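K.L.:
coords-v5.cif is reproduced in full below (mmCIF, C-alpha atoms).
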```cif
data_protein
loop_
_atom_site.label_atom_id
_atom_site.label_comp_id
_atom_site.auth_asym_id
_atom_site.auth_seq_id
_atom_site.Cartn_x
_atom_site.Cartn_y
_atom_site.Cartn_z
CA MET A 1182 12.96 54.95 2.97
CA LYS A 1183 13.76 52.88 -0.10
CA ILE A 1184 12.25 49.39 -0.22
CA THR A 1185 14.93 46.85 -1.19
CA PRO A 1186 14.38 43.06 -1.41
CA ARG A 1187 16.87 42.53 1.42
CA LYS A 1188 15.14 44.96 3.79
CA LEU A 1189 11.67 43.78 2.81
CA ILE A 1190 12.45 40.12 3.52
CA LEU A 1191 13.95 41.00 6.90
CA ASP A 1192 10.94 43.23 7.69
CA LEU A 1193 8.55 40.38 6.94
CA LEU A 1194 10.49 37.99 9.18
CA LEU A 1195 10.74 40.56 11.98
CA ALA A 1196 7.03 41.28 11.78
CA GLY A 1197 6.22 37.58 11.71
CA ASP A 1198 7.23 37.04 15.36
CA GLY A 1199 9.14 33.84 14.57
CA GLN A 1200 6.88 32.60 11.77
CA PRO A 1201 8.96 31.27 8.84
CA LEU A 1202 8.81 32.73 5.35
CA THR A 1203 8.84 30.66 2.18
CA SER A 1204 10.81 31.68 -0.89
CA LYS A 1205 7.51 31.80 -2.79
CA GLU A 1206 6.09 34.27 -0.27
CA ALA A 1207 9.27 36.36 -0.39
CA VAL A 1208 9.09 36.56 -4.18
CA ALA A 1209 5.37 37.43 -4.10
CA ALA A 1210 5.86 40.12 -1.46
CA CYS A 1211 8.72 41.66 -3.43
CA GLY A 1212 6.48 41.66 -6.49
CA LEU A 1213 4.11 44.06 -4.71
CA PHE A 1214 6.91 46.63 -4.86
CA GLN A 1215 7.88 45.89 -8.47
CA ILE A 1216 10.93 43.92 -7.36
CA GLY A 1217 11.58 41.02 -9.73
CA GLU A 1218 11.90 37.35 -8.82
CA THR A 1219 15.60 37.26 -9.63
CA SER A 1220 16.33 40.16 -7.28
CA ALA A 1221 14.27 38.52 -4.53
CA ARG A 1222 16.10 35.20 -4.86
CA VAL A 1223 19.51 36.90 -4.97
CA ALA A 1224 18.57 38.74 -1.75
CA LEU A 1225 17.64 35.44 -0.08
CA THR A 1226 20.98 33.91 -1.12
CA ARG A 1227 22.96 36.87 0.22
CA LEU A 1228 20.99 37.00 3.47
CA LEU A 1229 21.79 33.32 3.95
CA ALA A 1230 25.47 33.90 3.27
CA ASP A 1231 25.53 36.77 5.78
CA GLY A 1232 23.87 34.66 8.46
CA LEU A 1233 20.91 37.03 8.67
CA ILE A 1234 18.47 34.27 7.71
CA LYS A 1235 18.70 30.50 7.94
CA SER A 1236 17.05 27.70 6.00
CA VAL A 1237 14.86 25.49 8.22
CA GLU A 1238 13.64 23.42 5.28
CA ARG A 1239 14.13 23.66 1.56
CA GLY A 1240 12.76 27.05 0.51
CA ILE A 1241 11.67 27.99 4.05
CA TYR A 1242 13.51 30.63 6.08
CA GLN A 1243 13.74 32.14 9.55
CA LEU A 1244 15.91 34.85 11.06
CA GLY A 1245 19.53 33.72 11.30
CA PRO A 1246 22.04 33.95 14.15
CA ASN A 1247 23.48 37.28 13.01
CA ALA A 1248 20.04 38.90 13.06
CA ILE A 1249 18.54 37.45 16.25
CA GLU A 1250 20.29 39.83 18.66
CA LEU A 1251 19.57 42.97 16.68
CA ALA A 1252 16.06 41.75 15.96
CA GLY A 1253 15.46 41.53 19.68
CA GLU A 1254 16.59 45.09 20.20
CA ILE A 1255 14.49 46.37 17.30
CA ALA A 1256 11.45 44.37 18.40
CA ALA A 1257 11.77 46.03 21.80
CA TRP A 1258 10.68 49.34 20.24
CA ARG A 1259 7.15 48.63 21.46
CA THR A 1260 8.31 49.07 25.07
CA ILE A 1261 11.30 51.33 24.43
CA ASP A 1262 9.88 54.19 26.50
CA ARG A 1263 9.14 52.17 29.65
CA ASN A 1264 12.54 52.79 31.22
CA VAL A 1265 12.56 56.53 30.60
CA ARG A 1266 12.72 58.38 33.91
CA GLU A 1267 12.88 61.94 35.15
CA TRP A 1268 16.22 63.57 34.37
CA THR A 1269 18.25 64.90 37.29
CA GLY A 1270 20.85 66.77 35.22
CA ASP A 1271 23.63 64.19 34.87
CA TYR A 1272 24.85 62.37 31.75
CA ILE A 1273 26.04 59.03 30.42
CA THR A 1274 29.32 59.28 28.51
CA VAL A 1275 31.15 56.88 26.19
CA PHE A 1276 34.82 57.30 25.28
CA THR A 1277 35.84 55.60 22.01
CA ALA A 1278 38.85 57.64 20.83
CA THR A 1279 41.28 54.77 21.53
CA LEU A 1280 39.28 52.17 19.58
CA GLY A 1281 40.36 53.14 16.08
CA ARG A 1282 38.39 53.46 12.87
CA THR A 1283 40.15 51.10 10.46
CA ASP A 1284 37.86 48.11 11.08
CA ARG A 1285 34.86 49.20 9.04
CA THR A 1286 32.51 46.51 10.38
CA ALA A 1287 33.35 47.31 14.01
CA LEU A 1288 32.96 51.02 13.32
CA VAL A 1289 29.50 50.60 11.78
CA ARG A 1290 28.34 48.45 14.70
CA ARG A 1291 29.76 50.94 17.23
CA GLU A 1292 28.14 53.96 15.61
CA ARG A 1293 24.82 52.14 15.24
CA ALA A 1294 24.84 51.17 18.94
CA LEU A 1295 25.52 54.72 20.02
CA LYS A 1296 22.90 56.15 17.68
CA MET A 1297 20.23 53.69 18.77
CA LEU A 1298 20.69 54.79 22.37
CA GLY A 1299 20.61 58.47 21.49
CA PHE A 1300 24.26 59.38 22.02
CA ARG A 1301 25.80 62.34 20.21
CA GLU A 1302 29.49 63.17 19.75
CA LEU A 1303 30.48 66.11 21.97
CA ASP A 1304 34.16 65.88 21.05
CA LYS A 1305 36.20 63.47 18.95
CA GLY A 1306 35.52 60.00 20.31
CA TYR A 1307 33.56 61.38 23.27
CA TYR A 1308 29.82 60.66 23.19
CA ILE A 1309 27.16 61.82 25.59
CA ARG A 1310 23.45 61.70 26.37
CA PRO A 1311 21.20 62.68 29.31
CA ASN A 1312 21.11 59.97 31.99
CA ASN A 1313 17.36 59.33 31.91
CA ILE A 1314 17.01 55.92 30.23
CA GLY A 1315 17.23 53.60 33.21
CA SER A 1316 18.47 53.55 36.77
CA ASP A 1317 21.13 50.86 36.28
CA LEU A 1318 24.20 51.91 34.29
CA ASN A 1319 25.30 48.27 33.94
CA LEU A 1320 22.11 47.43 32.01
CA ILE A 1321 22.76 50.33 29.66
CA ILE A 1322 26.35 49.15 29.19
CA ASP A 1323 25.12 45.62 28.44
CA LYS A 1324 22.70 46.98 25.87
CA LEU A 1325 25.44 49.00 24.18
CA ARG A 1326 27.68 45.90 24.07
CA ASN A 1327 24.87 43.75 22.67
CA LEU A 1328 24.28 46.30 19.93
CA GLY A 1329 27.95 46.31 18.93
CA LEU A 1330 29.95 48.66 21.16
CA GLU A 1331 33.39 47.18 21.86
CA GLN A 1332 34.20 45.85 25.33
CA THR A 1333 37.12 48.26 25.66
CA ALA A 1334 34.99 51.40 25.27
CA ILE A 1335 34.80 53.39 28.50
CA VAL A 1336 31.25 54.07 29.70
CA ALA A 1337 30.59 56.28 32.70
CA THR A 1338 28.22 58.79 34.24
CA SER A 1339 29.16 62.43 34.58
CA GLY A 1340 27.69 65.25 36.63
CA HIS A 1341 27.36 68.85 35.58
CA PHE A 1342 29.77 70.44 33.11
CA GLU A 1343 30.95 74.03 33.03
CA THR A 1344 28.50 76.50 31.53
CA ALA A 1345 30.16 76.69 28.09
CA VAL A 1346 30.17 72.88 27.71
CA GLU A 1347 26.58 72.61 28.93
CA ALA A 1348 25.64 75.06 26.17
CA GLN A 1349 27.42 72.82 23.63
CA ILE A 1350 25.60 69.75 24.91
CA LYS A 1351 22.21 71.41 24.57
CA GLN A 1352 22.94 72.02 20.87
CA LEU A 1353 23.61 68.35 20.11
CA TRP A 1354 19.88 67.59 19.65
CA ASP A 1355 17.22 69.68 17.95
CA GLY A 1356 14.46 69.06 20.46
CA LYS A 1357 11.98 71.50 18.93
CA ALA A 1358 12.23 69.78 15.56
CA LEU A 1359 11.80 66.38 17.24
CA THR A 1360 8.64 67.46 19.05
CA LYS A 1361 7.20 68.87 15.82
CA SER A 1362 8.01 65.63 14.00
CA TYR A 1363 6.18 63.59 16.67
CA ALA A 1364 3.02 65.63 16.22
CA ALA A 1365 3.22 65.71 12.41
CA LEU A 1366 3.81 61.99 11.99
CA SER A 1367 1.11 61.12 14.55
CA LYS A 1368 -1.37 63.14 12.50
CA LYS A 1369 -0.25 61.46 9.28
CA LEU A 1370 -0.55 57.94 10.69
CA GLU A 1371 -3.93 58.60 12.31
CA SER A 1372 -5.27 60.03 9.06
CA TRP A 1373 -4.09 56.96 7.13
CA ILE A 1374 -5.69 54.57 9.63
CA ALA A 1375 -8.99 56.47 9.40
CA HIS A 1376 -9.10 55.98 5.61
CA SER A 1377 -7.34 52.61 5.28
CA ASP A 1378 -10.60 50.67 4.89
CA GLN A 1379 -11.18 52.55 1.63
CA LEU A 1380 -8.00 51.14 0.08
CA ASP A 1381 -7.68 47.87 -1.80
CA LEU A 1382 -5.66 45.24 0.07
CA GLU A 1383 -2.52 45.52 -2.08
CA THR A 1384 -2.35 49.32 -1.79
CA ALA A 1385 -3.04 49.17 1.94
CA ALA A 1386 -0.23 46.63 2.40
CA GLN A 1387 2.24 48.70 0.39
CA GLU A 1388 1.43 51.96 2.13
CA SER A 1389 1.28 50.46 5.62
CA LEU A 1390 4.74 48.95 5.19
CA ILE A 1391 6.29 52.16 3.86
CA LEU A 1392 4.71 54.39 6.51
CA GLY A 1393 5.22 51.84 9.27
CA ARG A 1394 8.92 51.33 8.51
CA ALA A 1395 9.56 55.08 8.66
CA ALA A 1396 7.63 55.47 11.91
CA ILE A 1397 9.23 52.47 13.64
CA HIS A 1398 12.69 53.60 12.50
CA GLN A 1399 12.05 56.96 14.18
CA VAL A 1400 11.01 55.17 17.40
CA VAL A 1401 14.00 52.79 17.35
CA PHE A 1402 16.45 55.65 16.90
CA ASP A 1403 14.62 58.16 19.07
CA PRO A 1404 17.05 59.65 21.61
CA LEU A 1405 14.36 59.60 24.34
CA LEU A 1406 15.30 63.06 25.47
CA PRO A 1407 13.89 64.58 28.65
CA LEU A 1408 12.60 68.05 29.28
CA PRO A 1409 13.69 70.69 28.36
CA TRP A 1410 14.72 69.26 24.97
CA VAL A 1411 11.36 67.71 24.03
CA ASP A 1412 7.78 67.49 25.25
CA PRO A 1413 7.55 63.90 26.60
CA ASP A 1414 3.74 63.92 26.42
CA VAL A 1415 3.83 64.56 22.67
CA ARG A 1416 6.42 61.79 22.26
CA ASN A 1417 4.35 59.34 24.31
CA GLN A 1418 1.30 60.07 22.18
CA PHE A 1419 3.36 59.47 19.03
CA PHE A 1420 4.68 56.15 20.32
CA GLY A 1421 1.12 55.08 21.11
CA VAL A 1422 -0.04 55.95 17.59
CA VAL A 1423 2.86 53.97 16.09
CA ARG A 1424 1.97 50.91 18.17
CA HIS A 1425 -1.63 51.14 16.96
CA PHE A 1426 -0.50 51.61 13.35
CA ASP A 1427 1.76 48.56 13.64
CA GLN A 1428 -1.19 46.40 14.72
CA VAL A 1429 -3.34 47.69 11.84
CA GLY A 1430 -0.53 46.95 9.38
CA LYS A 1431 -0.01 43.43 10.73
CA VAL A 1432 -3.68 42.62 10.20
CA ILE A 1433 -3.47 43.86 6.60
CA TRP A 1434 -0.34 41.83 5.82
CA LEU A 1435 -1.82 38.75 7.50
CA LYS A 1436 -4.87 38.98 5.22
CA LEU A 1437 -2.60 39.35 2.21
CA ARG A 1438 -0.47 36.40 3.30
CA GLN A 1439 -3.56 34.24 3.83
CA ASN A 1440 -4.48 35.05 0.24
CA GLY A 1441 -1.07 33.85 -0.93
CA PHE A 1442 -0.01 37.49 -1.43
CA ILE A 1443 -2.72 37.78 -4.04
CA PRO A 1444 -4.77 40.96 -3.36
CA ASN A 1445 -8.55 40.85 -3.19
#
```
Please, can you express the file's structure as structure tokens?
P.N.:
Amino acid sequence: MKITPRKLILDLLLAGDGQPLTSKEAVAACGLFQIGETSARVALTRLLADGLIKSVERGIYQLGPNAIELAGEIAAWRTIDRNVREWTGDYITVFTATLGRTDRTALVRRERALKMLGFRELDKGYYIRPNNIGSDLNLIIDKLRNLGLEQTAIVATSGHFETAVEAQIKQLWDGKALTKSYAALSKKLESWIAHSDQLDLETAAQESLILGRAAIHQVVFDPLLPLPWVDPDVRNQFFGVVRHFDQVGKVIWLKLRQNGFIPN
């Protein structure tokens, strides 16, 4: 995933658990990725204009009102698997065909909400996923709304479909590839952690952010599929490795920040 000044600044604020970021720190952090001061300051200005960050004092920033809600959902990745339950064969469906696609902003928010909760499009404007991510449909609806799904979208549960449709549904996710990716990325992260103490602080910070962003993105957008699509045990192990990696990365970035973003 490409590191841009905009994404890097938001990542630092998200990882900071409410701790503000100074413009000097933002510029220094961007410099670690060969992003110039001008680009860093332009990114700060645009993030301010978009309401994604706010100025609490001159040159000091925190997450803004337009990022708080999404930040909360993304931050919840650490416990995202707690509400996964055994699947009994039914589905959650979302009907959006009447909502239109001309409002680009609304469309992006809608599609992001559906993707983050693992929905796939079975037919035009008709999205579906296994009903195994919580016992209360209203909580799932609230989460979809908070992420950007319009109030007028129809959300419901559905029982079994006819055999031909069930076969279509099973093809919406490549569960075998997902399970393989869990195992492969777990191995990669564990290997990096085992050798991270051999890296200089700057390199460790750069690599931990790049690897961590990719891993957390996979967790945030994981469809949390049940058997028979994926092996839940392999997924749970992967999520545990990502949580450990995140803690290791935070310690590295904290050391770098304490040094004024000047590597040892």
K.L.:
Which one is closest to Asp1317 of chain A: A:Arg1438, A:Ile1350, A:Pro1407, A:Arg1266? Count all atoms listed in the file.
P.N.:
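Of the candidates, the smallest distance to Asp1317 of chain A is held by A:Arg1266.
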K.L.:
Please give the centre and size of the box around segment 1374-1384 of chain A (axis-aligned, containing every atom listed in the file, 5 Å added per side), with values in Å to one decimal and written as JSON.
P.N.:
```
{"center_x": -6.8, "center_y": 50.9, "center_z": 3.8, "size_x": 18.8, "size_y": 21.2, "size_z": 21.7}
```
K.L.:
To verify the selection step, state as a list in words which residues the PyMOL selection byres ((chain A and resi 1428) around 12) yields on this input.
P.N.:
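In the shown coordinates, the PyMOL selection byres ((chain A and resi 1428) around 12) covers Ala1196, Gly1197, Arg1259, Ile1374, Ser1389, Leu1390, Gly1393, Gly1421, Val1422, Val1423, Arg1424, His1425, Phe1426, Asp1427, Val1429, Gly1430, Lys1431, Val1432, Ile1433, Trp1434 and Leu1435 of chain A.
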K.L.:
Which one is closest to Gly1240 of chain A: A:Val1411, A:Leu1405, A:Ala1207, A:Leu1194? Count only C-alpha atoms.
P.N.:
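Ranked by minimum distance to Gly1240 of chain A, first place goes to A:Ala1207.
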K.L.:
Leaving out Ala1221 of chain A and any residue of its chain fewer than 3 positions from it, which residues lie within 7 Å of it when counting all atoms listed in the file, given as a JSON list (two decimals) with C-alpha atoms, in the coordinates of the input?
P.N.:
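Dumped to part_39.json:
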```json
[["chain", "number", "residue", "atom", "x", "y", "z"],
["A", 1186, "PRO", "CA", 14.38, 43.06, -1.41],
["A", 1207, "ALA", "CA", 9.27, 36.36, -0.39],
["A", 1208, "VAL", "CA", 9.09, 36.56, -4.18],
["A", 1211, "CYS", "CA", 8.72, 41.66, -3.43],
["A", 1216, "ILE", "CA", 10.93, 43.92, -7.36],
["A", 1217, "GLY", "CA", 11.58, 41.02, -9.73],
["A", 1218, "GLU", "CA", 11.90, 37.35, -8.82],
["A", 1224, "ALA", "CA", 18.57, 38.74, -1.75],
["A", 1225, "LEU", "CA", 17.64, 35.44, -0.08]]
```
K.L.:
Using the chain letters and numbers from this file, what does the PyMOL selection byres ((chain A and resi 1269-1281) around 8) select? Give the answer as a list of chain:residue names.
P.N.:
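Given this file, the PyMOL selection byres ((chain A and resi 1269-1281) around 8) evaluates to A:Glu1267, A:Trp1268, A:Arg1282, A:Thr1283, A:Asp1284, A:Lys1305, A:Gly1306, A:Tyr1307, A:Tyr1308, A:Ile1309, A:Arg1310, A:Pro1311, A:Asn1312, A:Asn1313, A:Thr1333, A:Ala1334, A:Ile1335, A:Val1336, A:Ala1337, A:Thr1338, A:Ser1339, A:Gly1340, A:His1341.
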K.L.:
Give me, please, the distance in Å between atom CA of Ile1321 of chain A and atom CA of Gly1199 of chain A, quoted to one decimal.
P.N.:
26.2 Å
K.L.:
Check the smallest atom-to-atom distance from each of A:Gln1352, A:Asn1327, A:Gln1399, A:Gln1215 to Ala1294 of chain A using all atoms listed in the file, then report the winner.
P.N.:
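Counting all atoms listed in the file, the residue closest to Ala1294 of chain A is A:Asn1327.
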K.L.:
Can you list, as a CSV table (one decimal) with C-alpha atoms, in the frame of the given file, every protein, DNA or RNA residue that comes within 6 Å of Leu1330 of chain A when you count all atoms listed in the file, leaving out same-chain residues fewer than 2 positions away?
P.N.:
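Dumped everything to out-v6.csv:
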```
chain,number,residue,atom,x,y,z
A,1291,ARG,CA,29.8,50.9,17.2
A,1325,LEU,CA,25.4,49.0,24.2
A,1326,ARG,CA,27.7,45.9,24.1
```
K.L.:
Calculated over all atoms listed in the file, which of the candidates A:Leu1318, A:Leu1298, A:Leu1328, A:Ile1261 has the smallest distance to Asn1247 of chain A?
P.N.:
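Among A:Leu1318, A:Leu1298, A:Leu1328, A:Ile1261, it is A:Leu1328 that comes nearest to Asn1247 of chain A.
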K.L.:
At a cut-off of 7 Å from (9.9, 57.8, 17.5) in the coordinates of the file, what residues are picked up using only C-alpha atoms, written as a ChimeraX atom specification?
P.N.:
/A:1363,1396-1397,1399-1403,1419-1420
K.L.:
Using atom CA of Leu1193 of chain A and atom CA of Ala1210 of chain A as the two end points, give the distance in Å to one decimal.
P.N.:
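For atom CA of Leu1193 of chain A relative to atom CA of Ala1210 of chain A, the distance reads 8.8 Å.
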K.L.:
Between atom CA of Asp1192 of chain A and atom CA of Gly1315 of chain A, what is the distance, to one decimal in Å?
P.N.:
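Atom CA of Gly1315 of chain A lies at a distance of 28.3 Å from atom CA of Asp1192 of chain A.
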K.L.:
From the options A:Met1297, A:Ala1287, A:Leu1189, A:Ala1257, which residue's atoms come nearest to Leu1213 of chain A, counting only C-alpha atoms?
P.N.:
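Result for the nearest residue to Leu1213 of chain A: A:Leu1189.
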K.L.:
Residues near segment 1360-1362 of chain A, anyone? I mean within 10 Å using only C-alpha atoms, not counting same-chain ones fewer than 6 positions away, as a PyMOL selection string.
P.N.:
chain A and resi 1368+1399+1410-1416+1419
K.L.:
Kindly indicate which residue among A:Ala1230, A:Val1237, A:Arg1263, A:Gln1439 lies nearest to Glu1206 of chain A, using all atoms listed in the file for the distances.
P.N.:
A:Gln1439
K.L.:
Give as a ChimeraX atom specification the residues that the PyMOL selection byres ((chain A and resi 1246) around 9) matches when applied to the coordinates above.
P.N.:
/A:1232-1235,1244-1245,1247-1250
K.L.:
Using C-alpha atoms, can you export the residues from the last selection as a tab-separated table (two decimals), in the frame of the given file?
P.N.:
```tsv
chain	number	residue	atom	x	y	z
A	1232	GLY	CA	23.87	34.66	8.46
A	1233	LEU	CA	20.91	37.03	8.67
A	1234	ILE	CA	18.47	34.27	7.71
A	1235	LYS	CA	18.70	30.50	7.94
A	1244	LEU	CA	15.91	34.85	11.06
A	1245	GLY	CA	19.53	33.72	11.30
A	1247	ASN	CA	23.48	37.28	13.01
A	1248	ALA	CA	20.04	38.90	13.06
A	1249	ILE	CA	18.54	37.45	16.25
A	1250	GLU	CA	20.29	39.83	18.66
```
